[in-house]
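*Asks:* I have a structure here, written as structure tokens, and I will follow up with some questions on it.
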Amino acid sequence: MARLSSPIHAREEAPVPPPRSLRLPFDPLVALAVVGLAICSVVTLSAATRNLIPGQPRYYVDRQIVYLGVGTALMLVLSRVDYGRLRRLKNVIYGALLVSILAVLGLGHSANGAQRAISLPFFSFQGSELGKVLLIVALSAFVVDRARRLRERDTTVRVMIAALVPTIFVILQPDLGSGLVYMAIAATLLFVAGTSWRQLTALAALVVVCGTFVLVAAPAAGVHVLKPYQVERLTSFLHPTSNPQKQGYQQHESQIAIGAGQKTGRGSNASQIPNGFVPESHTDFIFAAVGEQYGFVGAGLVLLLYALLISRALRVVVMSKDLFGTLIAAGVTAMLMFQVFVNVGMTIGIMPITGVTLPLMSYGGSSVITTLLAVGLLQSIYVRARASAALKDRVPLY
């Protein structure tokens, strides 16, 4: 991804106003990728969850369809909103981010040792999921407000503090995966905005030092920052065969399922996923279900759809006519890329298990709706970039 130069900042000072009529079509390839992934999700869940709840083989499928429908409606609404107006609401959006996370800490229900969601009548609300989009918008606005001072150390510190506050609350739930997504978003926004390499290198070094302290130095001194199971999940991928029946069980069974799928999948003969050998196969480990059911062909199709979605998101980054839109698009791209890479990586054993969902594929209302809201922002930026370009083409050159 190319870093932005001063002409982008100049455009921010005098953005091209979009025409009143914004009836230009959405990016059709983004729509194609979203629809394709939605179909893959429903088809995969239909096969993977039919035995999870006795007598209700379509329990997860029907709910996922509803989530996709609600998310699509919100995506269409958001795509028609001028994203530039969100900049003026940055403080409100950042406040909503903190409230949504703190509400889960105070009112959420505990499951598997974590308190990550608030139980609602039809689904569980995860504030950390919605927080991803809210963080992208709020941080982008904060960066734009300091557009003339982007290379100053004070700007970098302020942006990182603004990102660290919600990240810490999310990790306390504990939801380490979402916390890592937050940090990836913040780092990407600083990079795209033009933060100096010296400051970025210092941040990277700080991350390495903190990771070493949390995983090695602190436990050696008898201080446990993370819970024991979190440490095990983060480090088990480094030695997966040392204890495959405990720490490495989930990844071990996931690799067996994916390998069993071979070229075209086992279809109705699949046994690992339907018989429950891979825990969370409908959420965090849904890619394992794709691999066993539909093999290399199915997994390749899913990855191609993600490649299409991410490549078009990168195009929106380039197309945007102002710094705010560029940063939002970059934040959404970082969110998608990070989640896909980490989720697929942990199912095949090259990344630690962090609880990161696979966008639009994993079951869950908060995850699906949040991803579609992010896509709605991309479409809003795309539409207005096209509208601005069309308006500029109609202006005679003198």
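Starting from 1 in every chain, residues are counted up; chains themselves are A, B, ... following the order of the structure tokens, and ligands are numbered from 1 as listed.
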Hey, could you make a per-residue contact list for region 48-151 of chain A against region 321-327 of chain A with 10 Å as the cut-off, showing the nearest pair of atoms and its distance in Å to one decimal, counting only C-alpha atoms, sorted by chain and number, as a tab-separated table?
*Replies:*
```
residue	atom	partner	partner_atom	distance
A:Tyr83	CA	A:Gly325	CA	7.4
A:Gly84	CA	A:Phe324	CA	7.3
A:Leu86	CA	A:Phe324	CA	9.6
A:Arg87	CA	A:Phe324	CA	7.7
A:Ile136	CA	A:Leu327	CA	8.0
A:Val137	CA	A:Leu327	CA	8.4
A:Leu139	CA	A:Leu327	CA	8.8
A:Ser140	CA	A:Leu327	CA	5.6
A:Ala141	CA	A:Phe324	CA	6.5
A:Phe142	CA	A:Phe324	CA	9.5
A:Val143	CA	A:Phe324	CA	8.3
A:Val144	CA	A:Phe324	CA	6.2
A:Asp145	CA	A:Phe324	CA	9.4
A:Ala147	CA	A:Leu323	CA	8.5
```
*Asks:* Let me see the file: selected residues, N, CA and C atoms, as a JSON list (two decimals), in the first residue's frame.
*Replies:*
```json
[["chain", "number", "residue", "atom", "x", "y", "z"],
["A", 83, "TYR", "N", -20.30, 10.07, 4.02],
["A", 83, "TYR", "CA", -19.39, 9.70, 5.10],
["A", 83, "TYR", "C", -18.70, 10.91, 5.71],
["A", 84, "GLY", "N", -18.58, 12.00, 4.96],
["A", 84, "GLY", "CA", -17.93, 13.20, 5.47],
["A", 84, "GLY", "C", -18.63, 13.77, 6.69],
["A", 86, "LEU", "N", -19.73, 12.14, 9.14],
["A", 86, "LEU", "CA", -19.33, 11.40, 10.33],
["A", 86, "LEU", "C", -18.14, 12.05, 11.02],
["A", 87, "ARG", "N", -17.37, 12.81, 10.28],
["A", 87, "ARG", "CA", -16.20, 13.45, 10.87],
["A", 87, "ARG", "C", -16.60, 14.41, 11.99],
["A", 136, "ILE", "N", -12.54, 2.80, 13.59],
["A", 136, "ILE", "CA", -12.04, 3.25, 12.28],
["A", 136, "ILE", "C", -12.47, 4.68, 12.00],
["A", 137, "VAL", "N", -13.75, 4.96, 12.20],
["A", 137, "VAL", "CA", -14.28, 6.28, 11.90],
["A", 137, "VAL", "C", -13.71, 7.33, 12.85],
["A", 139, "LEU", "N", -10.93, 7.28, 14.84],
["A", 139, "LEU", "CA", -9.50, 7.51, 14.68],
["A", 139, "LEU", "C", -9.19, 8.25, 13.37],
["A", 140, "SER", "N", -9.92, 7.93, 12.31],
["A", 140, "SER", "CA", -9.72, 8.62, 11.04],
["A", 140, "SER", "C", -10.00, 10.11, 11.19],
["A", 141, "ALA", "N", -11.06, 10.44, 11.91],
["A", 141, "ALA", "CA", -11.39, 11.85, 12.14],
["A", 141, "ALA", "C", -10.33, 12.53, 12.99],
["A", 142, "PHE", "N", -9.84, 11.83, 14.03],
["A", 142, "PHE", "CA", -8.80, 12.41, 14.87],
["A", 142, "PHE", "C", -7.54, 12.71, 14.06],
["A", 143, "VAL", "N", -7.18, 11.79, 13.17],
["A", 143, "VAL", "CA", -5.98, 11.98, 12.35],
["A", 143, "VAL", "C", -6.16, 13.15, 11.40],
["A", 144, "VAL", "N", -7.33, 13.26, 10.77],
["A", 144, "VAL", "CA", -7.59, 14.35, 9.84],
["A", 144, "VAL", "C", -7.52, 15.70, 10.53],
["A", 145, "ASP", "N", -8.00, 15.77, 11.75],
["A", 145, "ASP", "CA", -7.97, 17.03, 12.49],
["A", 145, "ASP", "C", -6.54, 17.52, 12.72],
["A", 147, "ALA", "N", -4.06, 16.97, 10.45],
["A", 147, "ALA", "CA", -3.46, 16.68, 9.15],
["A", 147, "ALA", "C", -2.17, 17.45, 8.92]]
```
*Asks:* Which neighbours of region 250-256 of chain A fall inside 7 Å, counting only C-alpha atoms, when residues of the same chain fewer than 3 positions from it are skipped, and could you give them as an MDAnalysis selection string?
*Replies:* chainID A and resid 244 259:260 277:279 288 347:349
*Asks:* Using only C-alpha atoms, can you tell me which of A:Ser46, A:Gln379, A:Ser320, A:Ser362 comes closest to Val340 (chain A)?
*Replies:*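 The shortest atom-to-atom distance to Val340 (chain A) comes from A:Ser362.
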*Asks:* With a distance cut-off of 8 Å and only C-alpha atoms, select the neighbouring residues of Ala289 (chain A), excluding the residue or stretch itself and same-chain residues fewer than 6 positions from it, and output the selection as an NGL selection string.
*Replies:* :A and (44 or 48 or 257-258 or 273 or 281-282)
*Asks:* For the residues in that selection, give me C-alpha atoms as an mmCIF file, in the first residue's frame.
*Replies:*
```
data_model
loop_
_atom_site.group_PDB
_atom_site.id
_atom_site.type_symbol
_atom_site.label_atom_id
_atom_site.label_comp_id
_atom_site.auth_asym_id
_atom_site.auth_seq_id
_atom_site.Cartn_x
_atom_site.Cartn_y
_atom_site.Cartn_z
ATOM 1 C CA THR A 44 -21.261 -24.210 4.918
ATOM 2 C CA ALA A 48 -21.660 -28.002 9.606
ATOM 3 C CA ALA A 257 -10.493 -31.865 8.753
ATOM 4 C CA ILE A 258 -8.943 -29.618 6.104
ATOM 5 C CA ILE A 273 -17.057 -31.282 11.517
ATOM 6 C CA SER A 281 -16.503 -25.051 13.721
ATOM 7 C CA HIS A 282 -19.385 -22.677 12.959
#
```
*Asks:* What's the 10 Å shell around Ser311 (chain A), counting only C-alpha atoms, without same-chain residues fewer than 4 positions away, as a list in words?
*Replies:*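 Within the cut-off, the hits are Leu29, Val30, Leu305, Tyr306, Ala307, Arg315, Val316, Val317 and Thr333 of chain A.
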*Asks:* With only C-alpha atoms as the atoms that count, which of A:Ile286, A:Val181, A:Leu52, A:Ala186 lies nearest to Ala162 (chain A)?
*Replies:*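 Ranking A:Ile286, A:Val181, A:Leu52, A:Ala186 by distance to Ala162 (chain A), first place goes to A:Ala186.
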*Asks:* Which residue, A:Ser196, A:Leu134, A:Ser388, A:Pro352, has the smallest gap to Gly331 (chain A) when you use only C-alpha atoms?
*Replies:*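 Under the stated criterion, the closest residue is A:Leu134.
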*Asks:* What does the structure give for the distance between CA of Ala187 (chain A) and CA of Leu203 (chain A), in Å to one decimal?
*Replies:*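 CA of Ala187 (chain A) sits 8.6 Å away from CA of Leu203 (chain A).
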*Asks:* Could you pull out all residues of region 40-240 of chain A with a DSSP call of strand (DSSP E) and give them as a list in words?
*Replies:*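 The strand (DSSP E) residues within region 40-240 of chain A come out as His109, Ser110, Ala111, Ala114, Gln115, Arg116, Ala117, Ile118, Ser119, Ser124 and Phe125 of chain A.
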*Asks:* Have a look at CA of Ile101 (chain A) and CA of Glu129 (chain A) and let me know their distance in Å, one decimal.
*Replies:*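 Atom-to-atom, CA of Ile101 (chain A) to CA of Glu129 (chain A), that is 9.2 Å.
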*Asks:* Enter the distance from CA of Leu309 (chain A) to CA of Ala33 (chain A), in Å, rounded to one decimal.
*Replies:*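 Taking CA of Leu309 (chain A) as the start and CA of Ala33 (chain A) as the end point, the length is 5.6 Å.
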*Asks:* Which neighbours of Pro57 (chain A) fall inside 10 Å, counting only C-alpha atoms, when residues of the same chain fewer than 6 positions from it are skipped, and could you give them as a ChimeraX atom specification?
*Replies:* /A:45-51
*Asks:* Would you put the residues from that selection into a file with all heavy atoms, as a tab-separated table (two decimals), in the first residue's frame?
*Replies:*
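File selection_25.tsv, as written:
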```
chain	number	residue	atom	x	y	z
A	45	LEU	N	-22.62	-23.45	6.79
A	45	LEU	CA	-23.30	-23.62	8.08
A	45	LEU	C	-24.39	-24.68	8.00
A	45	LEU	O	-24.62	-25.41	8.97
A	45	LEU	CB	-23.91	-22.28	8.52
A	45	LEU	CG	-22.93	-21.23	9.03
A	45	LEU	CD1	-23.66	-19.91	9.27
A	45	LEU	CD2	-22.25	-21.69	10.31
A	46	SER	N	-25.04	-24.76	6.87
A	46	SER	CA	-26.10	-25.76	6.71
A	46	SER	C	-25.56	-27.17	6.91
A	46	SER	O	-26.21	-28.02	7.54
A	46	SER	CB	-26.73	-25.63	5.32
A	46	SER	OG	-27.74	-26.60	5.12
A	47	ALA	N	-24.36	-27.43	6.39
A	47	ALA	CA	-23.77	-28.76	6.53
A	47	ALA	C	-23.09	-28.95	7.88
A	47	ALA	O	-23.12	-30.03	8.46
A	47	ALA	CB	-22.76	-28.99	5.40
A	48	ALA	N	-22.47	-27.87	8.40
A	48	ALA	CA	-21.66	-28.00	9.61
A	48	ALA	C	-22.47	-28.01	10.89
A	48	ALA	O	-21.99	-28.52	11.91
A	48	ALA	CB	-20.63	-26.88	9.65
A	49	THR	N	-23.67	-27.43	10.88
A	49	THR	CA	-24.41	-27.27	12.14
A	49	THR	C	-25.68	-28.11	12.21
A	49	THR	O	-26.45	-27.95	13.15
A	49	THR	CB	-24.80	-25.78	12.33
A	49	THR	OG1	-25.70	-25.37	11.27
A	49	THR	CG2	-23.56	-24.89	12.31
A	50	ARG	N	-25.89	-28.97	11.26
A	50	ARG	CA	-27.16	-29.70	11.25
A	50	ARG	C	-27.33	-30.63	12.45
A	50	ARG	O	-28.46	-31.00	12.81
A	50	ARG	CB	-27.30	-30.51	9.95
A	50	ARG	CG	-26.24	-31.57	9.74
A	50	ARG	CD	-26.52	-32.35	8.45
A	50	ARG	NE	-25.53	-33.39	8.21
A	50	ARG	CZ	-24.43	-33.24	7.49
A	50	ARG	NH1	-24.19	-32.05	6.93
A	50	ARG	NH2	-23.59	-34.24	7.32
A	51	ASN	N	-26.22	-31.02	13.10
A	51	ASN	CA	-26.31	-31.92	14.24
A	51	ASN	C	-26.04	-31.22	15.58
A	51	ASN	O	-26.06	-31.88	16.62
A	51	ASN	CB	-25.31	-33.07	14.08
A	51	ASN	CG	-25.60	-33.93	12.87
A	51	ASN	OD1	-26.75	-34.10	12.48
A	51	ASN	ND2	-24.54	-34.45	12.25
```
*Asks:* Please give the complete set of residues from region 63-245 of chain A that DSSP, run on the backbone, assigns to alpha helix (DSSP H), formatted as an MDAnalysis selection string.
*Replies:* chainID A and resid 63:79 90:107 127:145 153:171 176:193 197:212 218:220 228:235
*Asks:* Check the smallest atom-to-atom distance from each of A:Leu37, A:Leu120, A:Val170, A:Leu76 to Leu304 (chain A) using only C-alpha atoms, then report the winner.
*Replies:* A:Leu37
*Asks:* What's around Phe123 (chain A) at 12 Å? Count only C-alpha atoms, leave out sequence neighbours fewer than 6 positions away in its own chain, and write the answer as a ChimeraX atom specification.
*Replies:* /A:60,63-64,66-67,117,363-369
*Asks:* Include N, CA, C and O atoms and write out the residues we just selected as an mmCIF file, in the first residue's frame.
*Replies:*
```
data_model
loop_
_atom_site.group_PDB
_atom_site.id
_atom_site.type_symbol
_atom_site.label_atom_id
_atom_site.label_comp_id
_atom_site.auth_asym_id
_atom_site.auth_seq_id
_atom_site.Cartn_x
_atom_site.Cartn_y
_atom_site.Cartn_z
ATOM 1 N N TYR A 60 -28.969 -22.460 13.197
ATOM 2 C CA TYR A 60 -27.922 -21.473 12.904
ATOM 3 C C TYR A 60 -28.079 -20.871 11.509
ATOM 4 O O TYR A 60 -27.804 -19.687 11.302
ATOM 5 N N ARG A 63 -30.871 -18.126 11.406
ATOM 6 C CA ARG A 63 -30.424 -16.895 12.079
ATOM 7 C C ARG A 63 -29.348 -16.173 11.282
ATOM 8 O O ARG A 63 -29.337 -14.941 11.223
ATOM 9 N N GLN A 64 -28.465 -16.933 10.665
ATOM 10 C CA GLN A 64 -27.431 -16.290 9.858
ATOM 11 C C GLN A 64 -28.044 -15.556 8.674
ATOM 12 O O GLN A 64 -27.595 -14.461 8.311
ATOM 13 N N VAL A 66 -30.977 -14.168 8.622
ATOM 14 C CA VAL A 66 -31.564 -12.940 9.167
ATOM 15 C C VAL A 66 -30.476 -11.901 9.408
ATOM 16 O O VAL A 66 -30.621 -10.726 9.072
ATOM 17 N N TYR A 67 -29.359 -12.320 10.001
ATOM 18 C CA TYR A 67 -28.259 -11.393 10.244
ATOM 19 C C TYR A 67 -27.755 -10.788 8.938
ATOM 20 O O TYR A 67 -27.480 -9.580 8.861
ATOM 21 N N ALA A 117 -20.337 -10.542 25.520
ATOM 22 C CA ALA A 117 -21.579 -10.217 24.836
ATOM 23 C C ALA A 117 -22.707 -9.974 25.820
ATOM 24 O O ALA A 117 -22.697 -10.453 26.958
ATOM 25 N N TYR A 363 -20.449 -17.651 11.897
ATOM 26 C CA TYR A 363 -21.781 -17.387 12.429
ATOM 27 C C TYR A 363 -21.707 -16.326 13.508
ATOM 28 O O TYR A 363 -20.794 -16.315 14.334
ATOM 29 N N GLY A 364 -22.689 -15.416 13.517
ATOM 30 C CA GLY A 364 -22.775 -14.413 14.576
ATOM 31 C C GLY A 364 -23.314 -13.099 14.070
ATOM 32 O O GLY A 364 -22.815 -12.552 13.086
ATOM 33 N N GLY A 365 -24.335 -12.584 14.745
ATOM 34 C CA GLY A 365 -24.963 -11.345 14.309
ATOM 35 C C GLY A 365 -24.047 -10.147 14.387
ATOM 36 O O GLY A 365 -23.982 -9.341 13.457
ATOM 37 N N SER A 366 -23.318 -9.997 15.487
ATOM 38 C CA SER A 366 -22.456 -8.826 15.656
ATOM 39 C C SER A 366 -21.363 -8.793 14.598
ATOM 40 O O SER A 366 -21.072 -7.747 14.009
ATOM 41 N N SER A 367 -20.750 -9.943 14.345
ATOM 42 C CA SER A 367 -19.670 -10.008 13.368
ATOM 43 C C SER A 367 -20.175 -9.722 11.962
ATOM 44 O O SER A 367 -19.584 -8.926 11.213
ATOM 45 N N VAL A 368 -21.266 -10.352 11.578
ATOM 46 C CA VAL A 368 -21.814 -10.183 10.223
ATOM 47 C C VAL A 368 -22.264 -8.743 9.998
ATOM 48 O O VAL A 368 -21.924 -8.121 8.975
ATOM 49 N N ILE A 369 -23.021 -8.197 10.927
ATOM 50 C CA ILE A 369 -23.552 -6.843 10.760
ATOM 51 C C ILE A 369 -22.423 -5.820 10.757
ATOM 52 O O ILE A 369 -22.427 -4.868 9.948
#
```
